[in-house]
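Data block for run_29.cif (mmCIF, C-alpha atoms and all ligand atoms):
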```cif
data_start
loop_
_atom_site.label_atom_id
_atom_site.label_comp_id
_atom_site.auth_asym_id
_atom_site.auth_seq_id
_atom_site.Cartn_x
_atom_site.Cartn_y
_atom_site.Cartn_z
CA MET A 1 12.90 15.25 23.47
CA LEU A 2 11.02 12.17 24.67
CA ASP A 3 11.45 11.14 28.31
CA ALA A 4 10.33 8.20 30.45
CA ASP A 5 7.03 9.95 31.18
CA PHE A 6 6.28 10.20 27.45
CA PHE A 7 6.76 6.45 27.02
CA ARG A 8 4.70 5.71 30.14
CA ARG A 9 1.89 7.86 28.74
CA TRP A 10 2.18 6.04 25.38
CA MET A 11 1.71 2.68 27.10
CA THR A 12 -1.19 3.98 29.20
CA ALA A 13 -2.88 5.48 26.12
CA THR A 14 -2.46 2.13 24.36
CA ALA A 15 -4.05 0.35 27.33
CA VAL A 16 -7.04 2.72 27.18
CA SER A 17 -7.40 2.26 23.42
CA VAL A 18 -7.22 -1.54 23.74
CA GLU A 19 -10.00 -1.41 26.36
CA HIS A 20 -12.18 0.57 23.93
CA GLU A 21 -11.39 -1.58 20.91
CA ALA A 22 -11.10 -5.05 22.49
CA GLU A 23 -14.44 -6.22 21.14
CA ARG A 24 -13.60 -5.10 17.61
CA LEU A 25 -10.17 -6.80 17.77
CA THR A 26 -11.74 -10.03 18.96
CA ALA A 27 -14.43 -9.79 16.27
CA LEU A 28 -11.72 -9.39 13.59
CA ASP A 29 -9.96 -12.46 15.04
CA SER A 30 -13.17 -14.48 14.76
CA PRO A 31 -13.40 -15.28 11.01
CA ILE A 32 -9.64 -15.79 10.51
CA GLY A 33 -8.48 -16.79 13.99
CA ASP A 34 -9.67 -17.97 17.40
CA ALA A 35 -11.51 -14.84 18.57
CA ASP A 36 -9.15 -13.88 21.37
CA HIS A 37 -7.00 -11.02 20.08
CA GLY A 38 -8.89 -8.31 21.98
CA SER A 39 -8.91 -10.24 25.24
CA ASN A 40 -5.25 -11.21 24.82
CA LEU A 41 -4.19 -7.58 24.48
CA GLN A 42 -6.58 -6.43 27.17
CA ARG A 43 -4.96 -8.81 29.65
CA GLY A 44 -1.49 -7.76 28.48
CA PHE A 45 -1.90 -4.00 28.50
CA ARG A 46 -3.79 -4.00 31.80
CA ALA A 47 -0.75 -5.73 33.27
CA VAL A 48 1.56 -3.22 31.55
CA ALA A 49 -0.37 -0.25 32.98
CA THR A 50 -0.30 -1.81 36.46
CA VAL A 51 3.42 -2.58 36.50
CA LEU A 52 4.36 0.87 35.13
CA GLU A 53 2.39 2.51 37.92
CA LYS A 54 4.04 0.36 40.55
CA ASP A 55 7.66 0.35 39.33
CA GLU A 56 8.00 3.82 37.74
CA PRO A 57 11.04 2.97 35.54
CA GLY A 58 13.16 6.10 35.05
CA THR A 59 14.30 5.93 31.43
CA PRO A 60 12.56 5.43 28.05
CA GLY A 61 14.48 2.19 27.56
CA ALA A 62 13.47 0.85 30.98
CA VAL A 63 9.79 1.69 30.41
CA LEU A 64 9.64 -0.20 27.12
CA THR A 65 11.68 -3.22 28.23
CA LEU A 66 9.51 -3.60 31.34
CA ALA A 67 6.32 -3.28 29.26
CA GLY A 68 7.63 -5.83 26.77
CA ARG A 69 8.54 -8.33 29.48
CA GLN A 70 5.10 -7.93 30.97
CA LEU A 71 3.38 -8.66 27.64
CA ILE A 72 5.49 -11.77 27.13
CA SER A 73 4.64 -13.11 30.57
CA THR A 74 0.90 -12.32 30.54
CA VAL A 75 -0.27 -12.95 26.94
CA GLY A 76 -0.51 -16.57 25.89
CA GLY A 77 -1.27 -15.99 22.19
CA ALA A 78 1.17 -15.36 19.36
CA SER A 79 0.74 -11.61 19.77
CA GLY A 80 2.21 -11.58 23.31
CA PRO A 81 5.75 -12.67 22.46
CA LEU A 82 5.61 -10.62 19.23
CA TYR A 83 4.49 -7.33 20.83
CA GLY A 84 6.67 -8.12 23.84
CA THR A 85 9.68 -8.48 21.55
CA LEU A 86 8.77 -5.26 19.73
CA LEU A 87 8.78 -3.23 22.95
CA ARG A 88 11.67 -5.03 24.63
CA ARG A 89 13.99 -4.73 21.64
CA THR A 90 12.97 -1.13 20.99
CA GLY A 91 13.69 -0.37 24.65
CA LYS A 92 17.02 -2.14 24.54
CA ALA A 93 18.02 -0.13 21.46
CA LEU A 94 17.28 3.10 23.38
CA GLY A 95 19.91 2.15 25.99
CA ASP A 96 19.89 4.04 29.29
CA ALA A 97 19.48 7.59 28.00
CA ALA A 98 17.18 9.77 30.14
CA GLU A 99 15.73 11.34 26.98
CA VAL A 100 15.78 10.43 23.30
CA ASP A 101 14.96 12.47 20.23
CA GLU A 102 12.44 11.45 17.59
CA GLN A 103 15.08 10.18 15.17
CA GLU A 104 16.69 7.99 17.83
CA PHE A 105 13.29 6.60 18.70
CA ALA A 106 12.44 5.95 15.04
CA GLN A 107 15.68 4.05 14.65
CA ALA A 108 15.08 2.04 17.83
CA LEU A 109 11.55 1.15 16.73
CA ARG A 110 12.95 -0.12 13.45
CA THR A 111 15.25 -2.41 15.43
CA GLY A 112 12.18 -3.64 17.33
CA VAL A 113 10.18 -4.30 14.16
CA ASP A 114 13.17 -6.15 12.65
CA ALA A 115 13.25 -8.35 15.76
CA VAL A 116 9.54 -9.14 15.34
CA MET A 117 10.14 -10.14 11.71
CA GLN A 118 13.02 -12.35 12.78
CA LEU A 119 11.03 -14.00 15.59
CA GLY A 120 7.83 -14.57 13.61
CA GLY A 121 9.37 -14.97 10.17
CA ALA A 122 6.78 -12.65 8.61
CA ALA A 123 7.61 -10.41 5.67
CA PRO A 124 5.58 -7.42 4.44
CA GLY A 125 2.45 -8.64 2.64
CA ASP A 126 2.02 -11.76 4.80
CA LYS A 127 -1.07 -10.21 6.43
CA THR A 128 0.32 -9.64 9.92
CA MET A 129 1.11 -6.80 12.31
CA ILE A 130 4.22 -6.18 10.19
CA ASP A 131 1.99 -4.69 7.48
CA ALA A 132 1.08 -1.85 9.84
CA LEU A 133 4.33 -1.58 11.80
CA LEU A 134 6.79 -1.35 8.93
CA PRO A 135 5.02 1.50 7.06
CA ALA A 136 4.68 3.29 10.40
CA VAL A 137 8.41 3.06 11.07
CA ASP A 138 9.14 4.29 7.55
CA ALA A 139 6.89 7.31 8.09
CA LEU A 140 8.09 8.07 11.61
CA GLY A 141 11.07 10.01 10.25
CA GLN A 142 8.48 12.49 8.95
CA SER A 143 6.11 12.85 11.92
CA PHE A 144 4.04 10.90 14.43
CA ALA A 145 0.90 11.85 12.51
CA ALA A 146 2.37 10.43 9.28
CA ALA A 147 3.21 7.21 11.12
CA ARG A 148 -0.37 6.96 12.38
CA SER A 149 -1.80 7.34 8.85
CA ALA A 150 0.70 4.86 7.42
CA ALA A 151 -0.17 2.26 10.08
CA GLU A 152 -3.91 2.70 9.56
CA GLU A 153 -3.53 2.41 5.78
CA GLY A 154 -1.29 -0.62 6.21
CA ALA A 155 -3.85 -2.32 8.45
CA GLN A 156 -6.67 -1.65 5.97
CA ALA A 157 -4.51 -2.91 3.11
CA THR A 158 -4.32 -6.37 4.77
CA THR A 159 -7.97 -7.09 3.85
CA PRO A 160 -7.38 -8.40 0.28
CA LEU A 161 -4.24 -10.31 1.28
CA GLN A 162 -3.94 -14.05 1.89
CA ALA A 163 -2.35 -14.81 5.26
CA ARG A 164 1.00 -16.54 5.15
CA LYS A 165 1.83 -16.51 8.89
CA GLY A 166 -0.02 -17.27 12.10
CA ARG A 167 -3.38 -18.96 12.60
CA ALA A 168 -5.04 -17.14 9.68
CA SER A 169 -2.62 -18.85 7.28
CA TYR A 170 -4.31 -22.21 8.06
CA LEU A 171 -7.33 -20.89 6.16
CA GLY A 172 -5.42 -20.38 2.93
CA GLU A 173 -7.50 -18.43 0.42
CA ARG A 174 -10.38 -18.16 2.90
CA SER A 175 -8.30 -15.64 4.84
CA ILE A 176 -8.79 -13.19 1.96
CA GLY A 177 -11.35 -10.42 2.54
CA HIS A 178 -10.79 -9.91 6.28
CA GLN A 179 -8.67 -7.23 7.94
CA ASP A 180 -5.88 -8.70 10.06
CA PRO A 181 -6.50 -8.26 13.81
CA GLY A 182 -2.80 -7.84 14.67
CA ALA A 183 -2.27 -5.19 11.98
CA THR A 184 -5.35 -3.44 13.39
CA SER A 185 -3.99 -3.45 16.97
CA SER A 186 -0.62 -2.23 15.67
CA ALA A 187 -2.43 0.74 14.12
CA LEU A 188 -3.96 1.42 17.56
CA LEU A 189 -0.50 1.28 19.15
CA ILE A 190 0.83 3.85 16.67
CA ALA A 191 -2.29 6.02 16.96
CA ALA A 192 -1.74 6.09 20.74
CA LEU A 193 1.84 7.18 20.05
CA ALA A 194 0.72 10.09 17.86
CA GLU A 195 -1.92 11.05 20.43
CA THR A 196 0.71 11.03 23.20
CA ALA A 197 2.90 13.30 21.07
CA GLY A 198 -0.07 15.65 20.67
CA GLU A 199 -0.37 15.06 16.91
P1 LIG B 201 -3.22 -16.20 18.43
O1 LIG B 201 -3.19 -16.26 16.94
O2 LIG B 201 -2.18 -17.05 19.07
O3 LIG B 201 -4.59 -16.43 18.98
P2 LIG B 201 -3.60 -13.34 18.70
O4 LIG B 201 -4.99 -13.61 18.23
O5 LIG B 201 -3.46 -12.56 19.95
O6 LIG B 201 -2.77 -14.69 18.84
O7 LIG B 201 -2.81 -12.55 17.57
C1 LIG B 201 -3.00 -12.79 16.21
C2 LIG B 201 -2.21 -11.78 15.40
O8 LIG B 201 -0.82 -11.98 15.60
C3 LIG B 201 -2.42 -11.90 13.90
O9 LIG B 201 -3.54 -11.14 13.48
C4 LIG B 201 -1.12 -11.39 13.31
O10 LIG B 201 -1.17 -9.99 13.05
C5 LIG B 201 -0.14 -11.62 14.42
N1 LIG B 201 0.78 -12.72 14.07
C6 LIG B 201 0.54 -14.05 14.16
N2 LIG B 201 1.62 -14.74 13.76
C7 LIG B 201 2.55 -13.83 13.39
C8 LIG B 201 3.90 -13.91 12.88
N3 LIG B 201 4.51 -15.08 12.69
N4 LIG B 201 4.55 -12.74 12.63
C9 LIG B 201 3.95 -11.56 12.84
N5 LIG B 201 2.70 -11.42 13.32
C10 LIG B 201 2.00 -12.54 13.58
MG MG B 202 -6.21 -15.23 18.25
MG MG B 203 -5.22 -17.62 20.62
#
```

Output the file's structure as structure tokens, nothing else.
Amino acid sequence: MLDADFFRRWMTATAVSVEHEAERLTALDSPIGDADHGSNLQRGFRAVATVLEKDEPGTPGAVLTLAGRQLISTVGGASGPLYGTLLRRTGKALGDAAEVDEQEFAQALRTGVDAVMQLGGAAPGDKTMIDALLPAVDALGQSFAAARSAAEEGAQATTPLQARKGRASYLGERSIGHQDPGATSSALLIAALAETAGE
């Protein structure tokens, strides 16, 4: 079973990973964006780590909704409201249970990813974070490790795609040949999840 502490550790592990990878995320956002994805997420997940230390929410749902709200209020770029919605809606779907099992979490995360698709209007293949998140959710029924591999493969598979959503879409065909920064950070988020689960 997964408790509030598990979800707190997931968010903290994500914050650590974002610190390590911020430069790479910003570099990926340079040719097909405005070179701020790493710093956007750094600001956001630092704030998430700080608020989770201070408030100590007691349920999985409360941890994720608080983290999501924090991302929405601290990240100015497109990724803030999108990741914020992912975590907030996943948290909401978990309700106020003190613990959730892996299947319940997988289902809740699917609700969160659906909400991101609704908010941003992106479909699979549009070269966005969805291309990592959706395969991860599909594989999560199997294991956390399978979700991590699926997210990483999904992120890498964005390279040959032409962007149809977000800033990169302004480049048209020139967006081809670059890995999407948001799909890359989504793979980090899911890798942090697998790491937290000890997989
Ligand atoms: P901004 O583009 O505002 O500078 P970021 O650089 O932080 O924001 O985030 C860019 C990432 O956000 C993209 O690489 C993409 O994965 C994701 N993204 C942008 N627009 C959308 C959308 N409509 N739906 C899903 N993801 C999106
Ligand atoms: Mg950007
Ligand atoms: Mg920006």

All residues 10 Å or closer to segment 110-127 of chain A, all atoms listed in the file, same chain fewer than 3 positions away omitted, as a ChimeraX atom specification: /A:78-79,81-94,104-107,130-138,140,154-155,157-166,168-169,175-176,178-183

Contacts of ligand MG 202 (chain B), 6 Å or closer, all atoms listed in the file, given as a list in words: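 Answer in the requested format: Asp29, Gly33, Asp34, Ala35, Asp36 and His37 of chain A.
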
May I have the selected residues written with C-alpha atoms, as a PDB file, in the frame of the given file?
```pdb
ATOM      1  CA  ASP A  29      -9.960 -12.460  15.040  1.00  0.00           C
ATOM      2  CA  GLY A  33      -8.480 -16.790  13.990  1.00  0.00           C
ATOM      3  CA  ASP A  34      -9.670 -17.970  17.400  1.00  0.00           C
ATOM      4  CA  ALA A  35     -11.510 -14.840  18.570  1.00  0.00           C
ATOM      5  CA  ASP A  36      -9.150 -13.880  21.370  1.00  0.00           C
ATOM      6  CA  HIS A  37      -7.000 -11.020  20.080  1.00  0.00           C
TER       7      HIS A  37
END
```

Among the residues A:Gly95, A:Gly172, A:Gly38, A:Pro60, the one that comes closest to ligand MG 203 (chain B) [using only C-alpha atoms and all ligand atoms]: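 Closest residue, counting only C-alpha atoms and all ligand atoms: A:Gly38.
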
Padded axis-aligned box of ligand LIG 201 (chain B) (8 Å per side), centre and edge lengths, Å, one decimal, as lines of an AutoDock Vina configuration file:
```
center_x = -0.2
center_y = -13.5
center_z = 16.3
size_x = 25.5
size_y = 23.1
size_z = 23.3
```

Two-atom distance - atom CA of Arg167 of chain A, atom C9 of ligand LIG 201 (chain B) (Å):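 Rounded to one decimal, the two atoms are 10.4 Å apart.
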
Distance of atom CA of Val75 of chain A from atom O8 of ligand LIG 201 (chain B), expressed in Å to one decimal place: 11.4 Å

Length of the atom CA of Ala4 of chain A to atom CA of Glu99 of chain A vector [Å]: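 Separating atom CA of Ala4 of chain A from atom CA of Glu99 of chain A is a distance of 7.1 Å.
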
Of the listed residues A:Asn40, A:Phe6, A:Glu21, A:Ala13, that which approaches Ile190 of chain A most closely, counting all atoms listed in the file: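 Ranked by minimum distance to Ile190 of chain A, first place goes to A:Ala13.
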
Shortest interatomic distance to Ser185 of chain A - which of A:Ala151, A:Gln142, A:Gly61, A:Gly68, counting all atoms listed in the file: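 Using all atoms listed in the file, Ser185 of chain A sits closest to A:Ala151.
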
Selected residue of minimal separation from ligand LIG 201 (chain B) among A:Ala150, A:Leu28, A:Ala108, A:Val18, counting only C-alpha atoms and all ligand atoms: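 Among the listed residues, the smallest separation from ligand LIG 201 (chain B) belongs to A:Leu28.
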
Output requested as an mmCIF file, keeping the file's coordinate frame - segment 135-152 of chain A, filled out with N, CA and C atoms.
```
data_model
loop_
_atom_site.group_PDB
_atom_site.id
_atom_site.type_symbol
_atom_site.label_atom_id
_atom_site.label_comp_id
_atom_site.auth_asym_id
_atom_site.auth_seq_id
_atom_site.Cartn_x
_atom_site.Cartn_y
_atom_site.Cartn_z
ATOM 1 N N PRO A 135 5.323 0.176 7.623
ATOM 2 C CA PRO A 135 5.020 1.500 7.060
ATOM 3 C C PRO A 135 5.057 2.605 8.102
ATOM 4 N N ALA A 136 4.660 2.274 9.337
ATOM 5 C CA ALA A 136 4.680 3.290 10.400
ATOM 6 C C ALA A 136 6.109 3.724 10.700
ATOM 7 N N VAL A 137 7.004 2.743 10.803
ATOM 8 C CA VAL A 137 8.410 3.060 11.070
ATOM 9 C C VAL A 137 8.997 3.889 9.937
ATOM 10 N N ASP A 138 8.639 3.533 8.702
ATOM 11 C CA ASP A 138 9.140 4.290 7.550
ATOM 12 C C ASP A 138 8.672 5.740 7.584
ATOM 13 N N ALA A 139 7.453 5.961 8.071
ATOM 14 C CA ALA A 139 6.890 7.310 8.090
ATOM 15 C C ALA A 139 7.270 8.100 9.331
ATOM 16 N N LEU A 140 7.798 7.419 10.330
ATOM 17 C CA LEU A 140 8.090 8.070 11.610
ATOM 18 C C LEU A 140 9.168 9.129 11.490
ATOM 19 N N GLY A 141 10.061 8.981 10.500
ATOM 20 C CA GLY A 141 11.070 10.010 10.250
ATOM 21 C C GLY A 141 10.430 11.350 9.890
ATOM 22 N N GLN A 142 9.225 11.286 9.351
ATOM 23 C CA GLN A 142 8.480 12.490 8.950
ATOM 24 C C GLN A 142 7.781 13.110 10.147
ATOM 25 N N SER A 143 6.848 12.357 10.748
ATOM 26 C CA SER A 143 6.110 12.850 11.920
ATOM 27 C C SER A 143 5.328 11.697 12.539
ATOM 28 N N PHE A 144 4.876 11.902 13.768
ATOM 29 C CA PHE A 144 4.040 10.900 14.430
ATOM 30 C C PHE A 144 2.709 10.748 13.692
ATOM 31 N N ALA A 145 2.188 11.890 13.220
ATOM 32 C CA ALA A 145 0.900 11.850 12.510
ATOM 33 C C ALA A 145 1.024 11.038 11.212
ATOM 34 N N ALA A 146 2.154 11.205 10.510
ATOM 35 C CA ALA A 146 2.370 10.430 9.280
ATOM 36 C C ALA A 146 2.468 8.941 9.588
ATOM 37 N N ALA A 147 3.096 8.611 10.714
ATOM 38 C CA ALA A 147 3.210 7.210 11.120
ATOM 39 C C ALA A 147 1.832 6.626 11.423
ATOM 40 N N ARG A 148 0.985 7.441 12.075
ATOM 41 C CA ARG A 148 -0.370 6.960 12.380
ATOM 42 C C ARG A 148 -1.150 6.654 11.102
ATOM 43 N N SER A 149 -1.097 7.563 10.128
ATOM 44 C CA SER A 149 -1.800 7.340 8.850
ATOM 45 C C SER A 149 -1.249 6.122 8.130
ATOM 46 N N ALA A 150 0.071 5.986 8.130
ATOM 47 C CA ALA A 150 0.700 4.860 7.420
ATOM 48 C C ALA A 150 0.283 3.534 8.060
ATOM 49 N N ALA A 151 0.218 3.490 9.387
ATOM 50 C CA ALA A 151 -0.170 2.260 10.080
ATOM 51 C C ALA A 151 -1.619 1.913 9.797
ATOM 52 N N GLU A 152 -2.482 2.929 9.821
ATOM 53 C CA GLU A 152 -3.910 2.700 9.560
ATOM 54 C C GLU A 152 -4.116 2.206 8.122
#
```
